[in-house]
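The structure under discussion appears below in the form of structure tokens.
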Amino acid sequence: MVYCSECGSKNEEDNTFCNKCGSALIKSKYFNIKACNDFNLLLSPQNQKIVKEFSLSVDAYNMIIENIKDLGMHNYKEQLANYTDSQIKSMDILSKIALITISFAKINYKSRGAELGSYSFNLINIDDRLDKANQIGTLIHELTHHLVSEIFEQALMYLLEVKKSDALEAFVWFALISSPSSVLMHEYCAHTVQGRFIPHGYQKYGSFNNLINTEFDVNKKNDQDIIRTQLVFGNSIAEDLIKVLEEFITPDLRQEIMVQFKRDLNYAPTYDQILFESKELLDDEVKVGFIDGLLKVSFDLARRNDLNEILNNFKESYSEVNRS
């Protein structure tokens with residue numbers, strides 16, 4: 001039985017809303033077996049009510065982080081099983097980081113285009129003309145984008161008690177790119193995690209700077225407040241993702257990364273970018289509240305606007321990558 005947190009009435013475990021007062025029921029189990037690959041179902045009035053009334057808890061968030069780490073480790077061990085100990089030992093550090101990356105997301109190597117690396121729809125694109133050091137840094141950066149998306153996807157899966165689907169992933173991608181502020185959080189988080197695993201002094205905040213210069217007016221107090229808030233939000237998520245990736249990128253691998261950077265990059269490290277680093281973190285309740293709030297706002301935005309074409313295009317992109 002499930003007890004309603006509002007009125008205390010007993011309800012069957014399968015109930016979504018309380019039989020007596022109609023409030024959304026918060027259950028202890030993580031994911032249900034319900035499929036939800038249709039936007040009419042995903043964005044239904046019933047689900048809107050759930051998203052509006054539910055609030056993600058710190059315990060649920062921690063469970064999501066642990067689940068992401070465990071799933072990645074399971075996939076990583078499966079990848080390692082394809083190689084002998086001697087093959088693994090003889091791998092260069094780029095191959096080792098790539099092996100970790102494909103335990104979470106897919107990689108597409110390209111040899112043309114202006115972008116050195118990008119992420120969208122569970123796919124990391126990277127230019128294989130880059131030296132190994134820059135490929136390593138790019139893989140970690142883009143993998144972080146994937147892991148941020150995974151946090152929000154699993155949060156919605158938890159709230160709605162549904163399985164992952166192309167439609168759910170498409171909606172979360174919309175939520176994460178629908179405003180410059182959420183994109184800024186996403187980008188700062190990726191830079192912060194990347195900076196943890198590459199040698200100090202080689203981190204660049206080019207994409208972060210470009211976003212601020214094109215989307216915000218640093219002379220306006222409102223924009224200053226948005227930038228600072230999203231920076232701390234991104235830093236707080238980065239702190240958790242660093243702990244996840246430290247399970248994979250061990251101190252020995254970090255040392256190999258440092259050697260590769262010294263070998264490939266013939267310029268001295270610079271420390272002017274240190275000014276972008278922050279130690280400020282959100283309280284756990286506030287951090288989870290920000291995640292919860294972004295999902296609520298995005299859900300309401302999608303419900304109030306005709307976004308079928310955008311969402312269906314995103315869904316098709318996810319379907320194409322997930323099928324490959």
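Simple scheme: letters A, B, ... for chains in structure tokens order, numbers from 1 for residues in each chain, numbers from 1 for ligands in the order shown.
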*asked:* Could you go through region 17-198 of chain A and tell me which residues DSSP, when run on the backbone, assigns to strand (DSSP E), listing them as a PyMOL selection string?
replied: chain A and resi 106-110+117-120+123-127
Tell me, as a list of chain:residue names, which residues lie within 7 Å of region 97-114 of chain A, counting only C-alpha atoms; anything in the same chain fewer than 5 positions away does not count.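 Contacts, with the query itself left out: A:Gly72, A:Asn75, A:Tyr76, A:Asn122, A:Leu123, A:Ile124, A:Asn125, A:Ile126, A:Asp127, A:Asp128, A:Arg129, A:Ile136, A:Leu143, A:Phe248.
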Filtering to N, CA, C and O atoms, could you give me those residues as a PDB file, in the first residue's frame?
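Now in part.pdb:
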ATOM      1  N   GLY A  72      27.159   2.682 -16.113  1.00  0.00           N
ATOM      2  CA  GLY A  72      28.393   2.921 -16.853  1.00  0.00           C
ATOM      3  C   GLY A  72      29.450   1.882 -16.525  1.00  0.00           C
ATOM      4  O   GLY A  72      30.149   1.386 -17.425  1.00  0.00           O
ATOM      5  N   ASN A  75      28.666  -1.408 -18.248  1.00  0.00           N
ATOM      6  CA  ASN A  75      29.017  -1.346 -19.674  1.00  0.00           C
ATOM      7  C   ASN A  75      30.533  -1.350 -19.874  1.00  0.00           C
ATOM      8  O   ASN A  75      31.048  -1.954 -20.811  1.00  0.00           O
ATOM      9  N   TYR A  76      31.239  -0.661 -18.976  1.00  0.00           N
ATOM     10  CA  TYR A  76      32.694  -0.578 -19.071  1.00  0.00           C
ATOM     11  C   TYR A  76      33.334  -1.953 -18.894  1.00  0.00           C
ATOM     12  O   TYR A  76      34.245  -2.340 -19.645  1.00  0.00           O
ATOM     13  N   ASN A 122      22.718  11.582 -27.790  1.00  0.00           N
ATOM     14  CA  ASN A 122      23.494  10.413 -27.363  1.00  0.00           C
ATOM     15  C   ASN A 122      24.728  10.154 -28.227  1.00  0.00           C
ATOM     16  O   ASN A 122      25.325   9.064 -28.150  1.00  0.00           O
ATOM     17  N   LEU A 123      25.117  11.118 -29.034  1.00  0.00           N
ATOM     18  CA  LEU A 123      26.244  10.926 -29.950  1.00  0.00           C
ATOM     19  C   LEU A 123      27.278  12.031 -29.760  1.00  0.00           C
ATOM     20  O   LEU A 123      26.955  13.221 -29.821  1.00  0.00           O
ATOM     21  N   ILE A 124      28.529  11.616 -29.533  1.00  0.00           N
ATOM     22  CA  ILE A 124      29.652  12.543 -29.453  1.00  0.00           C
ATOM     23  C   ILE A 124      30.354  12.562 -30.799  1.00  0.00           C
ATOM     24  O   ILE A 124      30.774  11.519 -31.301  1.00  0.00           O
ATOM     25  N   ASN A 125      30.444  13.735 -31.394  1.00  0.00           N
ATOM     26  CA  ASN A 125      31.193  13.908 -32.634  1.00  0.00           C
ATOM     27  C   ASN A 125      32.542  14.520 -32.302  1.00  0.00           C
ATOM     28  O   ASN A 125      32.613  15.519 -31.577  1.00  0.00           O
ATOM     29  N   ILE A 126      33.605  13.929 -32.831  1.00  0.00           N
ATOM     30  CA  ILE A 126      34.944  14.439 -32.548  1.00  0.00           C
ATOM     31  C   ILE A 126      35.801  14.368 -33.806  1.00  0.00           C
ATOM     32  O   ILE A 126      35.694  13.410 -34.581  1.00  0.00           O
ATOM     33  N   ASP A 127      36.602  15.377 -33.999  1.00  0.00           N
ATOM     34  CA  ASP A 127      37.470  15.442 -35.173  1.00  0.00           C
ATOM     35  C   ASP A 127      38.740  14.639 -34.894  1.00  0.00           C
ATOM     36  O   ASP A 127      39.508  14.970 -33.993  1.00  0.00           O
ATOM     37  N   ASP A 128      38.948  13.569 -35.678  1.00  0.00           N
ATOM     38  CA  ASP A 128      40.114  12.717 -35.420  1.00  0.00           C
ATOM     39  C   ASP A 128      41.416  13.302 -35.955  1.00  0.00           C
ATOM     40  O   ASP A 128      42.471  12.662 -35.865  1.00  0.00           O
ATOM     41  N   ARG A 129      41.356  14.516 -36.521  1.00  0.00           N
ATOM     42  CA  ARG A 129      42.593  15.199 -36.918  1.00  0.00           C
ATOM     43  C   ARG A 129      43.262  15.879 -35.732  1.00  0.00           C
ATOM     44  O   ARG A 129      44.416  16.309 -35.818  1.00  0.00           O
ATOM     45  N   ILE A 136      41.403  13.730 -26.123  1.00  0.00           N
ATOM     46  CA  ILE A 136      41.080  13.297 -24.754  1.00  0.00           C
ATOM     47  C   ILE A 136      40.239  14.360 -24.042  1.00  0.00           C
ATOM     48  O   ILE A 136      39.192  14.066 -23.457  1.00  0.00           O
ATOM     49  N   LEU A 143      31.425  14.065 -23.139  1.00  0.00           N
ATOM     50  CA  LEU A 143      30.809  13.034 -22.302  1.00  0.00           C
ATOM     51  C   LEU A 143      30.045  13.663 -21.148  1.00  0.00           C
ATOM     52  O   LEU A 143      28.972  13.184 -20.765  1.00  0.00           O
ATOM     53  N   PHE A 248      36.295   5.801 -12.957  1.00  0.00           N
ATOM     54  CA  PHE A 248      36.785   5.278 -14.228  1.00  0.00           C
ATOM     55  C   PHE A 248      38.171   5.836 -14.572  1.00  0.00           C
ATOM     56  O   PHE A 248      39.057   5.095 -14.969  1.00  0.00           O
TER      57      PHE A 248
END
Here CA of Tyr188 (chain A) and CA of Val51 (chain A) stand apart by 26.7 Å
Selection near region 252-256 of chain A, 12 Å with only C-alpha atoms, sequence-local residues under 3 positions removed, as a PyMOL selection string = chain A and resi 89+91-97+100+132-133+136-137+194-200+245-249+259-263
Serialized selection, N, CA, C and O atoms, as a CSV table (one decimal), in the first residue's frame:
chain,number,residue,atom,x,y,z
A,89,LYS,N,46.8,-3.3,-21.4
A,89,LYS,CA,48.0,-2.7,-20.9
A,89,LYS,C,48.7,-1.9,-22.0
A,89,LYS,O,49.3,-0.9,-21.7
A,91,MET,N,47.3,-0.4,-24.6
A,91,MET,CA,46.5,0.7,-25.1
A,91,MET,C,47.1,2.0,-24.8
A,91,MET,O,47.6,2.2,-23.7
A,92,ASP,N,47.0,3.0,-25.7
A,92,ASP,CA,47.4,4.3,-25.4
A,92,ASP,C,46.3,5.0,-24.6
A,92,ASP,O,45.2,4.5,-24.5
A,93,ILE,N,46.6,6.1,-24.0
A,93,ILE,CA,45.6,6.8,-23.1
A,93,ILE,C,44.4,7.2,-23.8
A,93,ILE,O,43.3,7.2,-23.3
A,94,LEU,N,44.5,7.6,-25.1
A,94,LEU,CA,43.3,8.1,-25.8
A,94,LEU,C,42.4,6.9,-26.0
A,94,LEU,O,41.1,7.0,-25.8
A,95,SER,N,42.9,5.7,-26.3
A,95,SER,CA,42.0,4.5,-26.5
A,95,SER,C,41.3,4.2,-25.2
A,95,SER,O,40.2,3.7,-25.1
A,96,LYS,N,42.0,4.4,-24.0
A,96,LYS,CA,41.4,4.1,-22.7
A,96,LYS,C,40.3,5.0,-22.4
A,96,LYS,O,39.2,4.6,-21.9
A,97,ILE,N,40.5,6.3,-22.7
A,97,ILE,CA,39.4,7.3,-22.5
A,97,ILE,C,38.3,7.1,-23.4
A,97,ILE,O,37.1,7.2,-23.0
A,100,ILE,N,36.1,4.3,-22.0
A,100,ILE,CA,35.3,4.8,-20.9
A,100,ILE,C,34.1,5.5,-21.5
A,100,ILE,O,32.9,5.3,-21.1
A,132,LYS,N,46.2,13.7,-29.9
A,132,LYS,CA,45.6,12.8,-28.9
A,132,LYS,C,45.2,13.6,-27.6
A,132,LYS,O,44.1,13.3,-27.0
A,133,ALA,N,46.0,14.5,-27.2
A,133,ALA,CA,45.7,15.3,-26.0
A,133,ALA,C,44.4,16.0,-26.1
A,133,ALA,O,43.5,16.0,-25.2
A,136,ILE,N,41.4,13.7,-26.1
A,136,ILE,CA,41.1,13.3,-24.8
A,136,ILE,C,40.2,14.4,-24.0
A,136,ILE,O,39.2,14.1,-23.5
A,137,GLY,N,40.7,15.6,-24.1
A,137,GLY,CA,40.0,16.7,-23.4
A,137,GLY,C,38.6,16.9,-24.0
A,137,GLY,O,37.6,17.1,-23.3
A,194,GLN,N,35.9,18.6,-17.4
A,194,GLN,CA,37.1,18.5,-18.2
A,194,GLN,C,38.3,19.0,-17.5
A,194,GLN,O,39.4,18.3,-17.5
A,195,GLY,N,38.2,20.1,-16.8
A,195,GLY,CA,39.3,20.7,-16.1
A,195,GLY,C,39.9,19.8,-15.0
A,195,GLY,O,41.0,19.9,-14.6
A,196,ARG,N,39.0,19.0,-14.5
A,196,ARG,CA,39.5,18.1,-13.4
A,196,ARG,C,40.4,17.0,-13.9
A,196,ARG,O,41.3,16.6,-13.1
A,197,PHE,N,40.3,16.6,-15.1
A,197,PHE,CA,41.0,15.4,-15.6
A,197,PHE,C,42.1,15.7,-16.6
A,197,PHE,O,42.8,14.8,-17.0
A,198,ILE,N,42.3,17.0,-17.0
A,198,ILE,CA,43.4,17.4,-17.8
A,198,ILE,C,44.4,18.2,-17.0
A,198,ILE,O,44.0,18.7,-16.0
A,199,PRO,N,45.6,18.3,-17.4
A,199,PRO,CA,46.6,19.1,-16.6
A,199,PRO,C,46.2,20.5,-16.4
A,199,PRO,O,45.6,21.2,-17.3
A,200,HIS,N,46.5,21.0,-15.2
A,200,HIS,CA,46.2,22.4,-14.9
A,200,HIS,C,46.9,23.4,-15.8
A,200,HIS,O,48.0,23.2,-16.1
A,245,LEU,N,33.1,10.0,-12.6
A,245,LEU,CA,34.2,9.7,-13.5
A,245,LEU,C,35.5,9.3,-12.9
A,245,LEU,O,36.3,8.7,-13.5
A,246,GLU,N,35.7,9.7,-11.6
A,246,GLU,CA,36.9,9.3,-10.9
A,246,GLU,C,36.9,7.8,-10.6
A,246,GLU,O,37.9,7.2,-10.3
A,247,GLU,N,35.7,7.2,-10.7
A,247,GLU,CA,35.6,5.7,-10.6
A,247,GLU,C,36.2,5.1,-11.9
A,247,GLU,O,36.6,3.9,-11.8
A,248,PHE,N,36.3,5.8,-13.0
A,248,PHE,CA,36.8,5.3,-14.2
A,248,PHE,C,38.2,5.8,-14.6
A,248,PHE,O,39.1,5.1,-15.0
A,249,ILE,N,38.3,7.2,-14.4
A,249,ILE,CA,39.6,7.8,-14.7
A,249,ILE,C,40.4,7.9,-13.4
A,249,ILE,O,40.3,8.8,-12.7
A,259,VAL,N,51.0,13.0,-19.2
A,259,VAL,CA,52.2,12.7,-20.1
A,259,VAL,C,51.8,13.0,-21.5
A,259,VAL,O,52.6,13.6,-22.3
A,260,GLN,N,50.6,12.6,-21.9
A,260,GLN,CA,50.1,12.8,-23.3
A,260,GLN,C,50.0,14.3,-23.6
A,260,GLN,O,50.4,14.7,-24.7
A,261,PHE,N,49.6,15.1,-22.7
A,261,PHE,CA,49.5,16.5,-22.9
A,261,PHE,C,50.9,17.2,-23.1
A,261,PHE,O,51.1,18.0,-24.0
A,262,LYS,N,51.8,16.8,-22.2
A,262,LYS,CA,53.2,17.3,-22.4
A,262,LYS,C,53.8,16.9,-23.7
A,262,LYS,O,54.6,17.6,-24.3
A,263,ARG,N,53.4,15.7,-24.2
A,263,ARG,CA,54.0,15.2,-25.4
A,263,ARG,C,53.4,15.9,-26.6
A,263,ARG,O,54.1,16.2,-27.6
The residue from A:Asn305, A:Asn11, A:Asn47, A:Asn313 with the smallest atom-to-atom distance to Glu161 (chain A), counting only C-alpha atoms, is A:Asn47
Worksheet item: Residues at most 12 Å from Tyr318 (chain A), counting only C-alpha atoms, excluding those fewer than 4 positions away in the same chain, as a list in words?
Response: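 With the cut-off at 12 Å, the set is Asn37, Lys106, Ser120, Phe121, Asn122, Leu123, Lys164, Ser165, Asp166, Ala167, Leu168, Glu169, Ala170, Phe171, Val172, Trp173, Leu311, Asn312, Asn313, Phe314, Asn322, Arg323 and Ser324 of chain A.
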In Å and to one decimal, CA of Ser181 (chain A) is distant from CA of Ile227 (chain A) by 7.3 Å
Practice item. Would you mind telling me which residue in A:Thr270, A:Asn134, A:Thr214, A:Asn235 lies nearest to Ala190 (chain A) when using only C-alpha atoms? Key: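 Under the stated criterion, the closest residue is A:Asn235.
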Exercise. Between CA of Ile65 (chain A) and CA of Asp85 (chain A), what is the spacing in Å?
Worked result: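 These two atoms are separated by 29.4 Å.
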Mind dumping a table of every region 155-270 of chain A residue within 8 Å of region 281-288 of chain A, with the nearest atom pair and its distance in Å to one decimal, using only C-alpha atoms, sorted by chain and rising number, as JSON lines?
{"residue": "A:Val232", "atom": "CA", "partner": "A:Leu281", "partner_atom": "CA", "distance": 5.7}
{"residue": "A:Phe233", "atom": "CA", "partner": "A:Leu282", "partner_atom": "CA", "distance": 6.5}
{"residue": "A:Asn235", "atom": "CA", "partner": "A:Leu281", "partner_atom": "CA", "distance": 6.4}
{"residue": "A:Ser236", "atom": "CA", "partner": "A:Leu281", "partner_atom": "CA", "distance": 5.0}
{"residue": "A:Ile237", "atom": "CA", "partner": "A:Lys287", "partner_atom": "CA", "distance": 7.9}
task: Using DSSP on the backbone coordinates, identify the residues of region 12-146 of chain A assigned to helix (DSSP H, G or I); present them as a ChimeraX atom specification.
output: /A:39-42,45-53,58-80,85-90,93-101,132-146
Test item: residues at most 9 Å from Ser23 (chain A), only C-alpha atoms, excluding those fewer than 3 positions along its chain, as JSON, numbers by chain: {"A": [4, 5, 6, 7, 16, 17, 18, 19, 20, 49, 50, 53]}
Grab the residues selected above and save them as a JSON list (two decimals), in the first residue's frame with all heavy atoms.
[["chain", "number", "residue", "atom", "x", "y", "z"],
["A", 4, "CYS", "N", -0.92, 8.39, 1.19],
["A", 4, "CYS", "CA", -0.89, 9.74, 0.63],
["A", 4, "CYS", "C", -0.19, 10.68, 1.60],
["A", 4, "CYS", "O", -0.54, 10.72, 2.80],
["A", 4, "CYS", "CB", -2.31, 10.22, 0.34],
["A", 4, "CYS", "SG", -2.38, 11.92, -0.27],
["A", 5, "SER", "N", 0.75, 11.47, 1.10],
["A", 5, "SER", "CA", 1.48, 12.40, 1.97],
["A", 5, "SER", "C", 0.64, 13.61, 2.34],
["A", 5, "SER", "O", 0.98, 14.35, 3.27],
["A", 5, "SER", "CB", 2.78, 12.85, 1.29],
["A", 5, "SER", "OG", 2.49, 13.52, 0.07],
["A", 6, "GLU", "N", -0.46, 13.82, 1.63],
["A", 6, "GLU", "CA", -1.32, 14.98, 1.89],
["A", 6, "GLU", "C", -2.41, 14.66, 2.92],
["A", 6, "GLU", "O", -2.59, 15.39, 3.88],
["A", 6, "GLU", "CB", -1.95, 15.47, 0.59],
["A", 6, "GLU", "CG", -0.96, 16.06, -0.40],
["A", 6, "GLU", "CD", -0.28, 17.29, 0.12],
["A", 6, "GLU", "OE1", -0.94, 18.11, 0.79],
["A", 6, "GLU", "OE2", 0.94, 17.45, -0.11],
["A", 7, "CYS", "N", -3.15, 13.56, 2.69],
["A", 7, "CYS", "CA", -4.28, 13.28, 3.58],
["A", 7, "CYS", "C", -4.10, 12.00, 4.39],
["A", 7, "CYS", "O", -4.90, 11.71, 5.29],
["A", 7, "CYS", "CB", -5.59, 13.21, 2.78],
["A", 7, "CYS", "SG", -5.72, 11.76, 1.70],
["A", 16, "THR", "N", -1.71, 6.26, -9.22],
["A", 16, "THR", "CA", -0.87, 7.43, -9.48],
["A", 16, "THR", "C", -1.31, 8.61, -8.60],
["A", 16, "THR", "O", -0.48, 9.39, -8.16],
["A", 16, "THR", "CB", -0.93, 7.84, -10.96],
["A", 16, "THR", "OG1", -0.52, 6.73, -11.76],
["A", 16, "THR", "CG2", -0.03, 9.03, -11.25],
["A", 17, "PHE", "N", -2.63, 8.69, -8.37],
["A", 17, "PHE", "CA", -3.19, 9.77, -7.55],
["A", 17, "PHE", "C", -4.00, 9.18, -6.41],
["A", 17, "PHE", "O", -4.55, 8.07, -6.51],
["A", 17, "PHE", "CB", -4.08, 10.69, -8.40],
["A", 17, "PHE", "CG", -3.35, 11.39, -9.51],
["A", 17, "PHE", "CD1", -3.40, 10.90, -10.81],
["A", 17, "PHE", "CD2", -2.59, 12.52, -9.27],
["A", 17, "PHE", "CE1", -2.73, 11.53, -11.83],
["A", 17, "PHE", "CE2", -1.90, 13.15, -10.29],
["A", 17, "PHE", "CZ", -1.97, 12.65, -11.57],
["A", 18, "CYS", "N", -4.09, 9.92, -5.32],
["A", 18, "CYS", "CA", -4.83, 9.48, -4.14],
["A", 18, "CYS", "C", -6.31, 9.35, -4.45],
["A", 18, "CYS", "O", -6.92, 10.25, -5.05],
["A", 18, "CYS", "CB", -4.61, 10.47, -3.00],
["A", 18, "CYS", "SG", -5.55, 10.08, -1.50],
["A", 19, "ASN", "N", -6.90, 8.22, -4.03],
["A", 19, "ASN", "CA", -8.33, 8.00, -4.27],
["A", 19, "ASN", "C", -9.19, 9.02, -3.54],
["A", 19, "ASN", "O", -10.29, 9.35, -3.99],
["A", 19, "ASN", "CB", -8.72, 6.59, -3.80],
["A", 19, "ASN", "CG", -8.26, 5.52, -4.76],
["A", 19, "ASN", "OD1", -8.21, 5.74, -5.96],
["A", 19, "ASN", "ND2", -7.92, 4.35, -4.22],
["A", 20, "LYS", "N", -8.70, 9.55, -2.42],
["A", 20, "LYS", "CA", -9.51, 10.44, -1.59],
["A", 20, "LYS", "C", -9.34, 11.91, -1.96],
["A", 20, "LYS", "O", -10.33, 12.61, -2.20],
["A", 20, "LYS", "CB", -9.17, 10.24, -0.11],
["A", 20, "LYS", "CG", -10.04, 11.08, 0.83],
["A", 20, "LYS", "CD", -9.77, 10.74, 2.28],
["A", 20, "LYS", "CE", -10.68, 11.55, 3.20],
["A", 20, "LYS", "NZ", -10.43, 11.23, 4.64],
["A", 49, "LYS", "N", 0.13, 17.05, -14.23],
["A", 49, "LYS", "CA", -0.22, 17.16, -12.81],
["A", 49, "LYS", "C", 0.86, 16.52, -11.94],
["A", 49, "LYS", "O", 1.24, 17.06, -10.89],
["A", 49, "LYS", "CB", -1.57, 16.50, -12.55],
["A", 49, "LYS", "CG", -2.06, 16.66, -11.11],
["A", 49, "LYS", "CD", -3.44, 16.05, -10.93],
["A", 49, "LYS", "CE", -3.92, 16.25, -9.49],
["A", 49, "LYS", "NZ", -5.25, 15.64, -9.24],
["A", 50, "ILE", "N", 1.38, 15.37, -12.39],
["A", 50, "ILE", "CA", 2.44, 14.69, -11.63],
["A", 50, "ILE", "C", 3.68, 15.57, -11.53],
["A", 50, "ILE", "O", 4.24, 15.78, -10.46],
["A", 50, "ILE", "CB", 2.79, 13.35, -12.29],
["A", 50, "ILE", "CG1", 1.62, 12.37, -12.18],
["A", 50, "ILE", "CG2", 4.04, 12.74, -11.64],
["A", 50, "ILE", "CD1", 1.81, 11.09, -12.97],
["A", 53, "GLU", "N", 3.05, 18.50, -9.19],
["A", 53, "GLU", "CA", 2.89, 18.22, -7.77],
["A", 53, "GLU", "C", 4.08, 17.49, -7.15],
["A", 53, "GLU", "O", 4.36, 17.64, -5.97],
["A", 53, "GLU", "CB", 1.61, 17.39, -7.54],
["A", 53, "GLU", "CG", 0.34, 18.16, -7.85],
["A", 53, "GLU", "CD", -0.91, 17.43, -7.36],
["A", 53, "GLU", "OE1", -0.77, 16.44, -6.60],
["A", 53, "GLU", "OE2", -2.00, 17.86, -7.73]]
